[in-house]
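Structure below is entry_2.pdb: PDB, N, CA and C atoms.
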ATOM      1  N   MET Z   8      -3.161  54.967 -13.886
ATOM      2  CA  MET Z   8      -3.657  53.624 -13.971
ATOM      3  C   MET Z   8      -2.583  52.748 -14.610
ATOM      4  N   ILE Z   9      -2.372  51.565 -14.038
ATOM      5  CA  ILE Z   9      -1.399  50.619 -14.586
ATOM      6  C   ILE Z   9      -2.142  49.703 -15.539
ATOM      7  N   THR Z  10      -1.678  49.668 -16.779
ATOM      8  CA  THR Z  10      -2.371  48.852 -17.779
ATOM      9  C   THR Z  10      -1.544  47.678 -18.266
ATOM     10  N   SER Z  11      -0.305  47.569 -17.811
ATOM     11  CA  SER Z  11       0.526  46.447 -18.229
ATOM     12  C   SER Z  11       1.421  46.028 -17.063
ATOM     13  N   PRO Z  12       1.968  44.805 -17.132
ATOM     14  CA  PRO Z  12       2.833  44.347 -16.047
ATOM     15  C   PRO Z  12       4.131  45.152 -16.019
ATOM     16  N   PRO Z  13       4.821  45.179 -14.874
ATOM     17  CA  PRO Z  13       6.100  45.879 -14.807
ATOM     18  C   PRO Z  13       7.049  45.365 -15.886
ATOM     19  N   HIS Z  14       7.988  46.206 -16.281
ATOM     20  CA  HIS Z  14       8.950  45.849 -17.326
ATOM     21  C   HIS Z  14       9.619  44.520 -16.992
ATOM     22  N   GLY Z  15       9.584  43.588 -17.919
ATOM     23  CA  GLY Z  15      10.225  42.293 -17.731
ATOM     24  C   GLY Z  15       9.360  41.268 -17.022
ATOM     25  N   ALA Z  16       8.219  41.668 -16.496
ATOM     26  CA  ALA Z  16       7.344  40.728 -15.794
ATOM     27  C   ALA Z  16       6.475  39.983 -16.786
ATOM     28  N   THR Z  17       6.146  38.771 -16.447
ATOM     29  CA  THR Z  17       5.275  37.960 -17.279
ATOM     30  C   THR Z  17       3.918  37.881 -16.618
ATOM     31  N   PRO Z  18       2.847  38.225 -17.322
ATOM     32  CA  PRO Z  18       1.525  38.104 -16.714
ATOM     33  C   PRO Z  18       1.258  36.658 -16.300
ATOM     34  N   ASP Z  19       0.508  36.462 -15.204
ATOM     35  CA  ASP Z  19       0.230  35.133 -14.671
ATOM     36  C   ASP Z  19      -0.372  34.206 -15.712
ATOM     37  N   THR Z  20      -1.193  34.717 -16.612
ATOM     38  CA  THR Z  20      -1.838  33.879 -17.612
ATOM     39  C   THR Z  20      -0.850  33.321 -18.621
ATOM     40  N   ALA Z  21       0.316  33.955 -18.763
ATOM     41  CA  ALA Z  21       1.310  33.479 -19.720
ATOM     42  C   ALA Z  21       2.328  32.547 -19.078
ATOM     43  N   ARG Z  22       2.307  32.432 -17.761
ATOM     44  CA  ARG Z  22       3.259  31.569 -17.077
ATOM     45  C   ARG Z  22       2.906  30.110 -17.288
ATOM     46  N   PRO Z  23       3.932  29.242 -17.361
ATOM     47  CA  PRO Z  23       3.625  27.819 -17.460
ATOM     48  C   PRO Z  23       3.003  27.326 -16.163
ATOM     49  N   ALA Z  24       2.189  26.276 -16.250
ATOM     50  CA  ALA Z  24       1.531  25.735 -15.066
ATOM     51  C   ALA Z  24       2.522  25.061 -14.133
ATOM     52  N   THR Z  25       3.664  24.640 -14.648
ATOM     53  CA  THR Z  25       4.649  23.966 -13.825
ATOM     54  C   THR Z  25       6.000  24.651 -13.955
ATOM     55  N   SER Z  26       6.847  24.404 -12.987
ATOM     56  CA  SER Z  26       8.193  24.955 -13.004
ATOM     57  C   SER Z  26       9.090  24.061 -13.851
ATOM     58  N   ALA Z  27      10.071  24.650 -14.536
ATOM     59  CA  ALA Z  27      11.009  23.873 -15.330
ATOM     60  C   ALA Z  27      12.023  23.169 -14.431
ATOM     61  N   ILE Z  28      12.143  23.624 -13.192
ATOM     62  CA  ILE Z  28      13.082  23.042 -12.233
ATOM     63  C   ILE Z  28      12.335  22.004 -11.404
ATOM     64  N   ALA Z  29      12.920  20.811 -11.250
ATOM     65  CA  ALA Z  29      12.277  19.776 -10.440
ATOM     66  C   ALA Z  29      12.242  20.210  -8.980
ATOM     67  N   PHE Z  30      11.086  20.086  -8.356
ATOM     68  CA  PHE Z  30      10.919  20.416  -6.947
ATOM     69  C   PHE Z  30      11.772  19.455  -6.131
ATOM     70  N   ASP Z  31      12.258  19.899  -4.981
ATOM     71  CA  ASP Z  31      13.182  19.081  -4.186
ATOM     72  C   ASP Z  31      12.507  18.210  -3.134
ATOM     73  N   ALA Z  32      11.217  17.921  -3.296
ATOM     74  CA  ALA Z  32      10.493  17.049  -2.366
ATOM     75  C   ALA Z  32       9.371  16.346  -3.115
ATOM     76  N   THR Z  33       8.955  15.213  -2.590
ATOM     77  CA  THR Z  33       7.864  14.455  -3.199
ATOM     78  C   THR Z  33       6.519  14.993  -2.724
ATOM     79  N   PHE Z  34       5.462  14.554  -3.386
ATOM     80  CA  PHE Z  34       4.099  14.922  -3.001
ATOM     81  C   PHE Z  34       3.868  14.583  -1.525
ATOM     82  N   GLU Z  35       4.296  13.403  -1.114
ATOM     83  CA  GLU Z  35       4.093  12.956   0.259
ATOM     84  C   GLU Z  35       4.826  13.856   1.255
ATOM     85  N   GLN Z  36       6.060  14.250   0.935
ATOM     86  CA  GLN Z  36       6.840  15.123   1.815
ATOM     87  C   GLN Z  36       6.203  16.505   1.926
ATOM     88  N   VAL Z  37       5.688  17.012   0.818
ATOM     89  CA  VAL Z  37       5.037  18.322   0.839
ATOM     90  C   VAL Z  37       3.753  18.251   1.665
ATOM     91  N   ALA Z  38       2.965  17.189   1.492
ATOM     92  CA  ALA Z  38       1.726  17.028   2.267
ATOM     93  C   ALA Z  38       2.036  16.971   3.766
ATOM     94  N   LYS Z  39       3.086  16.268   4.133
ATOM     95  CA  LYS Z  39       3.489  16.191   5.547
ATOM     96  C   LYS Z  39       3.876  17.583   6.057
ATOM     97  N   HIS Z  40       4.598  18.334   5.258
ATOM     98  CA  HIS Z  40       4.988  19.700   5.628
ATOM     99  C   HIS Z  40       3.748  20.563   5.873
ATOM    100  N   MET Z  41       2.765  20.457   4.989
ATOM    101  CA  MET Z  41       1.557  21.271   5.110
ATOM    102  C   MET Z  41       0.829  20.988   6.431
ATOM    103  N   ARG Z  42       0.751  19.721   6.802
ATOM    104  CA  ARG Z  42       0.111  19.373   8.076
ATOM    105  C   ARG Z  42       0.950  19.865   9.251
ATOM    106  N   THR Z  43       2.260  19.728   9.167
ATOM    107  CA  THR Z  43       3.160  20.110  10.249
ATOM    108  C   THR Z  43       3.110  21.603  10.543
ATOM    109  N   VAL Z  44       2.992  22.439   9.511
ATOM    110  CA  VAL Z  44       2.979  23.894   9.726
ATOM    111  C   VAL Z  44       1.585  24.438  10.028
ATOM    112  N   GLY Z  45       0.608  23.548  10.150
ATOM    113  CA  GLY Z  45      -0.710  23.984  10.594
ATOM    114  C   GLY Z  45      -1.746  24.252   9.528
ATOM    115  N   TRP Z  46      -1.494  23.852   8.287
ATOM    116  CA  TRP Z  46      -2.493  24.046   7.236
ATOM    117  C   TRP Z  46      -3.504  22.902   7.219
ATOM    118  N   GLY Z  47      -3.292  21.879   8.041
ATOM    119  CA  GLY Z  47      -4.239  20.777   8.158
ATOM    120  C   GLY Z  47      -4.318  19.894   6.936
ATOM    121  N   SER Z  48      -5.491  19.339   6.713
ATOM    122  CA  SER Z  48      -5.730  18.466   5.566
ATOM    123  C   SER Z  48      -6.126  19.301   4.353
ATOM    124  N   PRO Z  49      -5.939  18.750   3.157
ATOM    125  CA  PRO Z  49      -6.335  19.508   1.965
ATOM    126  C   PRO Z  49      -7.844  19.720   1.905
ATOM    127  N   ALA Z  50      -8.243  20.856   1.326
ATOM    128  CA  ALA Z  50      -9.660  21.167   1.144
ATOM    129  C   ALA Z  50     -10.238  20.362  -0.021
ATOM    130  N   GLU Z  51      -9.397  20.007  -0.979
ATOM    131  CA  GLU Z  51      -9.822  19.225  -2.152
ATOM    132  C   GLU Z  51      -8.719  18.242  -2.508
ATOM    133  N   VAL Z  52      -9.108  17.071  -2.980
ATOM    134  CA  VAL Z  52      -8.172  16.088  -3.526
ATOM    135  C   VAL Z  52      -8.844  15.488  -4.752
ATOM    136  N   TYR Z  53      -8.115  15.435  -5.882
ATOM    137  CA  TYR Z  53      -8.704  14.894  -7.102
ATOM    138  C   TYR Z  53      -7.625  14.365  -8.031
ATOM    139  N   ARG Z  54      -8.026  13.593  -9.019
ATOM    140  CA  ARG Z  54      -7.113  13.068 -10.040
ATOM    141  C   ARG Z  54      -6.833  14.196 -11.032
ATOM    142  N   CYS Z  55      -5.597  14.255 -11.523
ATOM    143  CA  CYS Z  55      -5.230  15.325 -12.458
ATOM    144  C   CYS Z  55      -4.191  14.831 -13.453
ATOM    145  N   ASP Z  56      -3.909  15.680 -14.439
ATOM    146  CA  ASP Z  56      -2.879  15.377 -15.426
ATOM    147  C   ASP Z  56      -1.538  15.953 -14.959
ATOM    148  N   ALA Z  57      -0.545  15.917 -15.810
ATOM    149  CA  ALA Z  57       0.802  16.384 -15.465
ATOM    150  C   ALA Z  57       0.869  17.885 -15.204
ATOM    151  N   ARG Z  58      -0.162  18.638 -15.603
ATOM    152  CA  ARG Z  58      -0.189  20.083 -15.379
ATOM    153  C   ARG Z  58      -1.076  20.486 -14.207
ATOM    154  N   GLY Z  59      -1.638  19.495 -13.497
ATOM    155  CA  GLY Z  59      -2.482  19.785 -12.341
ATOM    156  C   GLY Z  59      -3.931  20.071 -12.686
ATOM    157  N   LYS Z  60      -4.337  19.796 -13.918
ATOM    158  CA  LYS Z  60      -5.713  20.034 -14.363
ATOM    159  C   LYS Z  60      -6.586  18.821 -14.047
ATOM    160  N   HIS Z  61      -7.841  19.079 -13.600
ATOM    161  CA  HIS Z  61      -8.784  17.992 -13.309
ATOM    162  C   HIS Z  61      -8.883  17.041 -14.500
ATOM    163  N   ARG Z  62      -8.677  15.766 -14.248
ATOM    164  CA  ARG Z  62      -8.869  14.723 -15.254
ATOM    165  C   ARG Z  62      -9.318  13.478 -14.512
ATOM    166  N   ALA Z  63     -10.509  12.992 -14.811
ATOM    167  CA  ALA Z  63     -11.042  11.817 -14.128
ATOM    168  C   ALA Z  63     -10.121  10.609 -14.268
ATOM    169  N   ASN Z  64      -9.438  10.512 -15.405
ATOM    170  CA  ASN Z  64      -8.528   9.402 -15.636
ATOM    171  C   ASN Z  64      -7.063   9.842 -15.522
ATOM    172  N   GLY Z  65      -6.813  10.930 -14.806
ATOM    173  CA  GLY Z  65      -5.453  11.451 -14.661
ATOM    174  C   GLY Z  65      -4.528  10.483 -13.938
ATOM    175  N   SER Z  66      -3.255  10.598 -14.225
ATOM    176  CA  SER Z  66      -2.268   9.691 -13.634
ATOM    177  C   SER Z  66      -1.626  10.261 -12.372
ATOM    178  N   ARG Z  67      -2.059  11.438 -11.958
ATOM    179  CA  ARG Z  67      -1.494  12.087 -10.773
ATOM    180  C   ARG Z  67      -2.595  12.471  -9.798
ATOM    181  N   THR Z  68      -2.178  12.821  -8.590
ATOM    182  CA  THR Z  68      -3.106  13.302  -7.574
ATOM    183  C   THR Z  68      -2.820  14.769  -7.332
ATOM    184  N   CYS Z  69      -3.876  15.561  -7.212
ATOM    185  CA  CYS Z  69      -3.744  16.975  -6.889
ATOM    186  C   CYS Z  69      -4.456  17.216  -5.565
ATOM    187  N   ALA Z  70      -3.823  18.002  -4.706
ATOM    188  CA  ALA Z  70      -4.424  18.391  -3.437
ATOM    189  C   ALA Z  70      -4.344  19.909  -3.319
ATOM    190  N   VAL Z  71      -5.427  20.509  -2.835
ATOM    191  CA  VAL Z  71      -5.497  21.965  -2.696
ATOM    192  C   VAL Z  71      -5.660  22.302  -1.214
ATOM    193  N   TRP Z  72      -4.713  23.078  -0.705
ATOM    194  CA  TRP Z  72      -4.785  23.550   0.674
ATOM    195  C   TRP Z  72      -5.181  25.012   0.680
ATOM    196  N   ARG Z  73      -5.913  25.424   1.696
ATOM    197  CA  ARG Z  73      -6.290  26.823   1.869
ATOM    198  C   ARG Z  73      -5.612  27.360   3.120
ATOM    199  N   ARG Z  74      -5.101  28.584   3.040
ATOM    200  CA  ARG Z  74      -4.416  29.217   4.176
ATOM    201  C   ARG Z  74      -5.406  29.343   5.336
ATOM    202  N   PRO Z  75      -5.051  28.854   6.537
ATOM    203  CA  PRO Z  75      -5.978  28.886   7.669
ATOM    204  C   PRO Z  75      -6.500  30.287   8.003
ATOM    205  N   SER Z  76      -5.655  31.282   7.929
ATOM    206  CA  SER Z  76      -6.078  32.638   8.291
ATOM    207  C   SER Z  76      -6.742  33.387   7.139
ATOM    208  N   ARG Z  77      -6.653  32.843   5.930
ATOM    209  CA  ARG Z  77      -7.227  33.502   4.753
ATOM    210  C   ARG Z  77      -7.580  32.445   3.712
ATOM    211  N   PRO Z  78      -8.727  31.787   3.880
ATOM    212  CA  PRO Z  78      -9.092  30.664   3.016
ATOM    213  C   PRO Z  78      -9.112  30.956   1.519
ATOM    214  N   ALA Z  79      -9.211  32.215   1.129
ATOM    215  CA  ALA Z  79      -9.203  32.533  -0.299
ATOM    216  C   ALA Z  79      -7.823  32.268  -0.912
ATOM    217  N   ALA Z  80      -6.777  32.303  -0.082
ATOM    218  CA  ALA Z  80      -5.420  32.018  -0.563
ATOM    219  C   ALA Z  80      -5.222  30.508  -0.539
ATOM    220  N   GLN Z  81      -4.894  29.949  -1.688
ATOM    221  CA  GLN Z  81      -4.731  28.506  -1.741
ATOM    222  C   GLN Z  81      -3.428  28.102  -2.393
ATOM    223  N   LEU Z  82      -3.034  26.872  -2.133
ATOM    224  CA  LEU Z  82      -1.809  26.304  -2.644
ATOM    225  C   LEU Z  82      -2.141  24.926  -3.207
ATOM    226  N   SER Z  83      -1.736  24.653  -4.442
ATOM    227  CA  SER Z  83      -2.006  23.365  -5.089
ATOM    228  C   SER Z  83      -0.725  22.564  -5.215
ATOM    229  N   ILE Z  84      -0.833  21.281  -4.930
ATOM    230  CA  ILE Z  84       0.302  20.368  -5.036
ATOM    231  C   ILE Z  84      -0.163  19.172  -5.849
ATOM    232  N   TRP Z  85       0.625  18.753  -6.815
ATOM    233  CA  TRP Z  85       0.253  17.570  -7.566
ATOM    234  C   TRP Z  85       1.480  16.774  -7.932
ATOM    235  N   GLY Z  86       1.262  15.495  -8.180
ATOM    236  CA  GLY Z  86       2.350  14.616  -8.557
ATOM    237  C   GLY Z  86       1.977  13.159  -8.392
ATOM    238  N   ARG Z  87       2.979  12.321  -8.578
ATOM    239  CA  ARG Z  87       2.837  10.879  -8.404
ATOM    240  C   ARG Z  87       3.670  10.453  -7.208
ATOM    241  N   GLN Z  88       3.270   9.365  -6.598
ATOM    242  CA  GLN Z  88       3.983   8.859  -5.441
ATOM    243  C   GLN Z  88       5.456   8.644  -5.758
ATOM    244  N   GLY Z  89       6.318   9.163  -4.887
ATOM    245  CA  GLY Z  89       7.757   8.974  -5.018
ATOM    246  C   GLY Z  89       8.460   9.887  -6.003
ATOM    247  N   GLU Z  90       7.728  10.725  -6.740
ATOM    248  CA  GLU Z  90       8.333  11.636  -7.716
ATOM    249  C   GLU Z  90       8.293  13.066  -7.193
ATOM    250  N   PRO Z  91       9.150  13.947  -7.731
ATOM    251  CA  PRO Z  91       9.104  15.348  -7.293
ATOM    252  C   PRO Z  91       7.712  15.947  -7.507
ATOM    253  N   ALA Z  92       7.272  16.722  -6.538
ATOM    254  CA  ALA Z  92       5.961  17.362  -6.603
ATOM    255  C   ALA Z  92       6.008  18.597  -7.501
ATOM    256  N   GLN Z  93       4.847  19.047  -7.886
ATOM    257  CA  GLN Z  93       4.667  20.347  -8.522
ATOM    258  C   GLN Z  93       3.854  21.154  -7.523
ATOM    259  N   VAL Z  94       4.266  22.371  -7.244
ATOM    260  CA  VAL Z  94       3.586  23.201  -6.260
ATOM    261  C   VAL Z  94       3.315  24.560  -6.884
ATOM    262  N   ARG Z  95       2.083  25.034  -6.709
ATOM    263  CA  ARG Z  95       1.706  26.331  -7.269
ATOM    264  C   ARG Z  95       0.899  27.115  -6.238
ATOM    265  N   TYR Z  96       1.306  28.360  -6.046
ATOM    266  CA  TYR Z  96       0.636  29.303  -5.163
ATOM    267  C   TYR Z  96      -0.003  30.354  -6.057
ATOM    268  N   TRP Z  97      -0.788  31.262  -5.520
ATOM    269  CA  TRP Z  97      -1.484  32.260  -6.331
ATOM    270  C   TRP Z  97      -0.532  33.066  -7.218
ATOM    271  N   ALA Z  98       0.694  33.250  -6.775
ATOM    272  CA  ALA Z  98       1.644  34.072  -7.523
ATOM    273  C   ALA Z  98       2.417  33.292  -8.578
ATOM    274  N   GLY Z  99       2.253  31.986  -8.616
ATOM    275  CA  GLY Z  99       2.960  31.185  -9.607
ATOM    276  C   GLY Z  99       3.587  29.954  -8.997
ATOM    277  N   PRO Z 100       4.455  29.275  -9.763
ATOM    278  CA  PRO Z 100       5.080  28.055  -9.262
ATOM    279  C   PRO Z 100       5.973  28.320  -8.047
ATOM    280  N   VAL Z 101       5.999  27.362  -7.136
ATOM    281  CA  VAL Z 101       6.906  27.395  -5.990
ATOM    282  C   VAL Z 101       8.054  26.463  -6.367
ATOM    283  N   VAL Z 102       9.301  26.930  -6.262
ATOM    284  CA  VAL Z 102      10.420  26.178  -6.819
ATOM    285  C   VAL Z 102      11.084  25.181  -5.886
ATOM    286  N   ASP Z 103      10.967  25.357  -4.570
ATOM    287  CA  ASP Z 103      11.612  24.413  -3.657
ATOM    288  C   ASP Z 103      11.015  24.504  -2.256
ATOM    289  N   MET Z 104      11.444  23.607  -1.368
ATOM    290  CA  MET Z 104      10.903  23.564  -0.015
ATOM    291  C   MET Z 104      11.206  24.842   0.763
ATOM    292  N   ALA Z 105      12.332  25.475   0.508
ATOM    293  CA  ALA Z 105      12.658  26.725   1.214
ATOM    294  C   ALA Z 105      11.616  27.798   0.887
ATOM    295  N   ALA Z 106      11.254  27.924  -0.380
ATOM    296  CA  ALA Z 106      10.233  28.902  -0.779
ATOM    297  C   ALA Z 106       8.876  28.502  -0.214
ATOM    298  N   LEU Z 107       8.558  27.207  -0.238
ATOM    299  CA  LEU Z 107       7.287  26.743   0.320
ATOM    300  C   LEU Z 107       7.216  27.053   1.813
ATOM    301  N   SER Z 108       8.312  26.870   2.521
ATOM    302  CA  SER Z 108       8.344  27.171   3.957
ATOM    303  C   SER Z 108       8.071  28.639   4.223
ATOM    304  N   ARG Z 109       8.652  29.516   3.430
ATOM    305  CA  ARG Z 109       8.397  30.958   3.600
ATOM    306  C   ARG Z 109       6.920  31.292   3.402
ATOM    307  N   ILE Z 110       6.298  30.649   2.449
ATOM    308  CA  ILE Z 110       4.883  30.896   2.157
ATOM    309  C   ILE Z 110       3.995  30.343   3.263
ATOM    310  N   THR Z 111       4.236  29.113   3.646
ATOM    311  CA  THR Z 111       3.331  28.428   4.563
ATOM    312  C   THR Z 111       3.514  28.809   6.030
ATOM    313  N   GLU Z 112       4.682  29.237   6.407
ATOM    314  CA  GLU Z 112       4.933  29.557   7.811
ATOM    315  C   GLU Z 112       4.493  30.966   8.163
ATOM    316  N   SER Z 113       4.186  31.788   7.185
ATOM    317  CA  SER Z 113       3.635  33.121   7.468
ATOM    318  C   SER Z 113       2.126  33.018   7.338
ATOM    319  N   ARG Z 114       1.473  32.762   8.430
ATOM    320  CA  ARG Z 114       0.022  32.540   8.409
ATOM    321  C   ARG Z 114      -0.699  33.845   8.308
TER     322      ARG Z 114
END
Have the structure of the file written as structure tokens, please.
Amino acid sequence: MITSPPHGATPDTARPATSAIAFDATFEQVAKHMRTVGWGSPAEVYRCDARGKHRANGSRTCAVWRRPSRPAAQLSIWGRQGEPAQVRYWAGPVVDMAALSRITESR
């Protein structure tokens, strides 16, 4: 039985909600990518804070997409118009469009 993460791995609960590296695309560009690769419209859209947490008075928008072939797998994107997006998949932060493409194009 495995009772701890592999050597050097950080458990998901200890990971920061956002990446320290600025994403290389805006919220709008990421949303366009999601529609283009066939993930359609987001399943949820809501106001959030800088960490992607629900906040009625949040200064950012968060959108949650679900994988078409496996709706339990979801991807969250949040940010402000014109600024780099924050993207998070079940395994943790997504660091750039190349990584997002690998995730989203494998349906």
| remark: Shortest contact to Gln81 (chain Z), candidates Z:Arg95, Z:Glu112, Z:Val52, Z:Lys60, atoms counted only N, CA and C atoms, goes to Z:Arg95
From (7.3, 25.0, -3.7), in the file's coordinates, out to 8 Å: which residues are reached, counting only N, CA and C atoms? Answer as a PDB file with N, CA and C atoms, keeping the file's coordinate frame.
ATOM      1  N   PHE Z  30      11.086  20.086  -8.356  1.00  0.00           N
ATOM      2  CA  PHE Z  30      10.919  20.416  -6.947  1.00  0.00           C
ATOM      3  C   PHE Z  30      11.772  19.455  -6.131  1.00  0.00           C
ATOM      4  N   ASP Z  31      12.258  19.899  -4.981  1.00  0.00           N
ATOM      5  CA  ASP Z  31      13.182  19.081  -4.186  1.00  0.00           C
ATOM      6  C   ASP Z  31      12.507  18.210  -3.134  1.00  0.00           C
ATOM      7  N   ALA Z  92       7.272  16.722  -6.538  1.00  0.00           N
ATOM      8  CA  ALA Z  92       5.961  17.362  -6.603  1.00  0.00           C
ATOM      9  C   ALA Z  92       6.008  18.597  -7.501  1.00  0.00           C
ATOM     10  N   GLN Z  93       4.847  19.047  -7.886  1.00  0.00           N
ATOM     11  CA  GLN Z  93       4.667  20.347  -8.522  1.00  0.00           C
ATOM     12  C   GLN Z  93       3.854  21.154  -7.523  1.00  0.00           C
ATOM     13  N   VAL Z  94       4.266  22.371  -7.244  1.00  0.00           N
ATOM     14  CA  VAL Z  94       3.586  23.201  -6.260  1.00  0.00           C
ATOM     15  C   VAL Z  94       3.315  24.560  -6.884  1.00  0.00           C
ATOM     16  N   ARG Z  95       2.083  25.034  -6.709  1.00  0.00           N
ATOM     17  CA  ARG Z  95       1.706  26.331  -7.269  1.00  0.00           C
ATOM     18  C   ARG Z  95       0.899  27.115  -6.238  1.00  0.00           C
ATOM     19  N   TYR Z  96       1.306  28.360  -6.046  1.00  0.00           N
ATOM     20  CA  TYR Z  96       0.636  29.303  -5.163  1.00  0.00           C
ATOM     21  C   TYR Z  96      -0.003  30.354  -6.057  1.00  0.00           C
ATOM     22  N   PRO Z 100       4.455  29.275  -9.763  1.00  0.00           N
ATOM     23  CA  PRO Z 100       5.080  28.055  -9.262  1.00  0.00           C
ATOM     24  C   PRO Z 100       5.973  28.320  -8.047  1.00  0.00           C
ATOM     25  N   VAL Z 101       5.999  27.362  -7.136  1.00  0.00           N
ATOM     26  CA  VAL Z 101       6.906  27.395  -5.990  1.00  0.00           C
ATOM     27  C   VAL Z 101       8.054  26.463  -6.367  1.00  0.00           C
ATOM     28  N   VAL Z 102       9.301  26.930  -6.262  1.00  0.00           N
ATOM     29  CA  VAL Z 102      10.420  26.178  -6.819  1.00  0.00           C
ATOM     30  C   VAL Z 102      11.084  25.181  -5.886  1.00  0.00           C
ATOM     31  N   ASP Z 103      10.967  25.357  -4.570  1.00  0.00           N
ATOM     32  CA  ASP Z 103      11.612  24.413  -3.657  1.00  0.00           C
ATOM     33  C   ASP Z 103      11.015  24.504  -2.256  1.00  0.00           C
ATOM     34  N   MET Z 104      11.444  23.607  -1.368  1.00  0.00           N
ATOM     35  CA  MET Z 104      10.903  23.564  -0.015  1.00  0.00           C
ATOM     36  C   MET Z 104      11.206  24.842   0.763  1.00  0.00           C
ATOM     37  N   ALA Z 105      12.332  25.475   0.508  1.00  0.00           N
ATOM     38  CA  ALA Z 105      12.658  26.725   1.214  1.00  0.00           C
ATOM     39  C   ALA Z 105      11.616  27.798   0.887  1.00  0.00           C
ATOM     40  N   ALA Z 106      11.254  27.924  -0.380  1.00  0.00           N
ATOM     41  CA  ALA Z 106      10.233  28.902  -0.779  1.00  0.00           C
ATOM     42  C   ALA Z 106       8.876  28.502  -0.214  1.00  0.00           C
ATOM     43  N   LEU Z 107       8.558  27.207  -0.238  1.00  0.00           N
ATOM     44  CA  LEU Z 107       7.287  26.743   0.320  1.00  0.00           C
ATOM     45  C   LEU Z 107       7.216  27.053   1.813  1.00  0.00           C
ATOM     46  N   SER Z 108       8.312  26.870   2.521  1.00  0.00           N
ATOM     47  CA  SER Z 108       8.344  27.171   3.957  1.00  0.00           C
ATOM     48  C   SER Z 108       8.071  28.639   4.223  1.00  0.00           C
TER      49      SER Z 108
END
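Comparing the minimum interatomic distances between Trp46 (chain Z) and each of Z:Ala63, Z:Ala79, Z:Thr111, Z:Gly86, counting all atoms listed in the file, we find that Z:Thr111 sits nearest.
For the pair atom C of Ala29 (chain Z) and atom N of Gly65 (chain Z), the separation is 22.0 Å.
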| task | Kindly resolve the PyMOL selection byres (((chain Z and resi 37 and name CA) around 9) and name CA) on the present coordinates and return the residues as a PyMOL selection string. | result | chain Z and resi 32-36+38-42+84+92+94+104+107
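The space between atom N of Glu51 (chain Z) and atom N of Arg73 (chain Z) spans 7.0 Å.
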| For CA of Cys55 (chain Z) and CA of Cys69 (chain Z), the interatomic separation in Å (one decimal) | 6.0 Å
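Backbone DSSP of region 62-112 of chain Z yields alpha helix (DSSP H) at Met104, Ala105, Ala106, Leu107, Ser108, Arg109, Ile110, Thr111 and Glu112 of chain Z.
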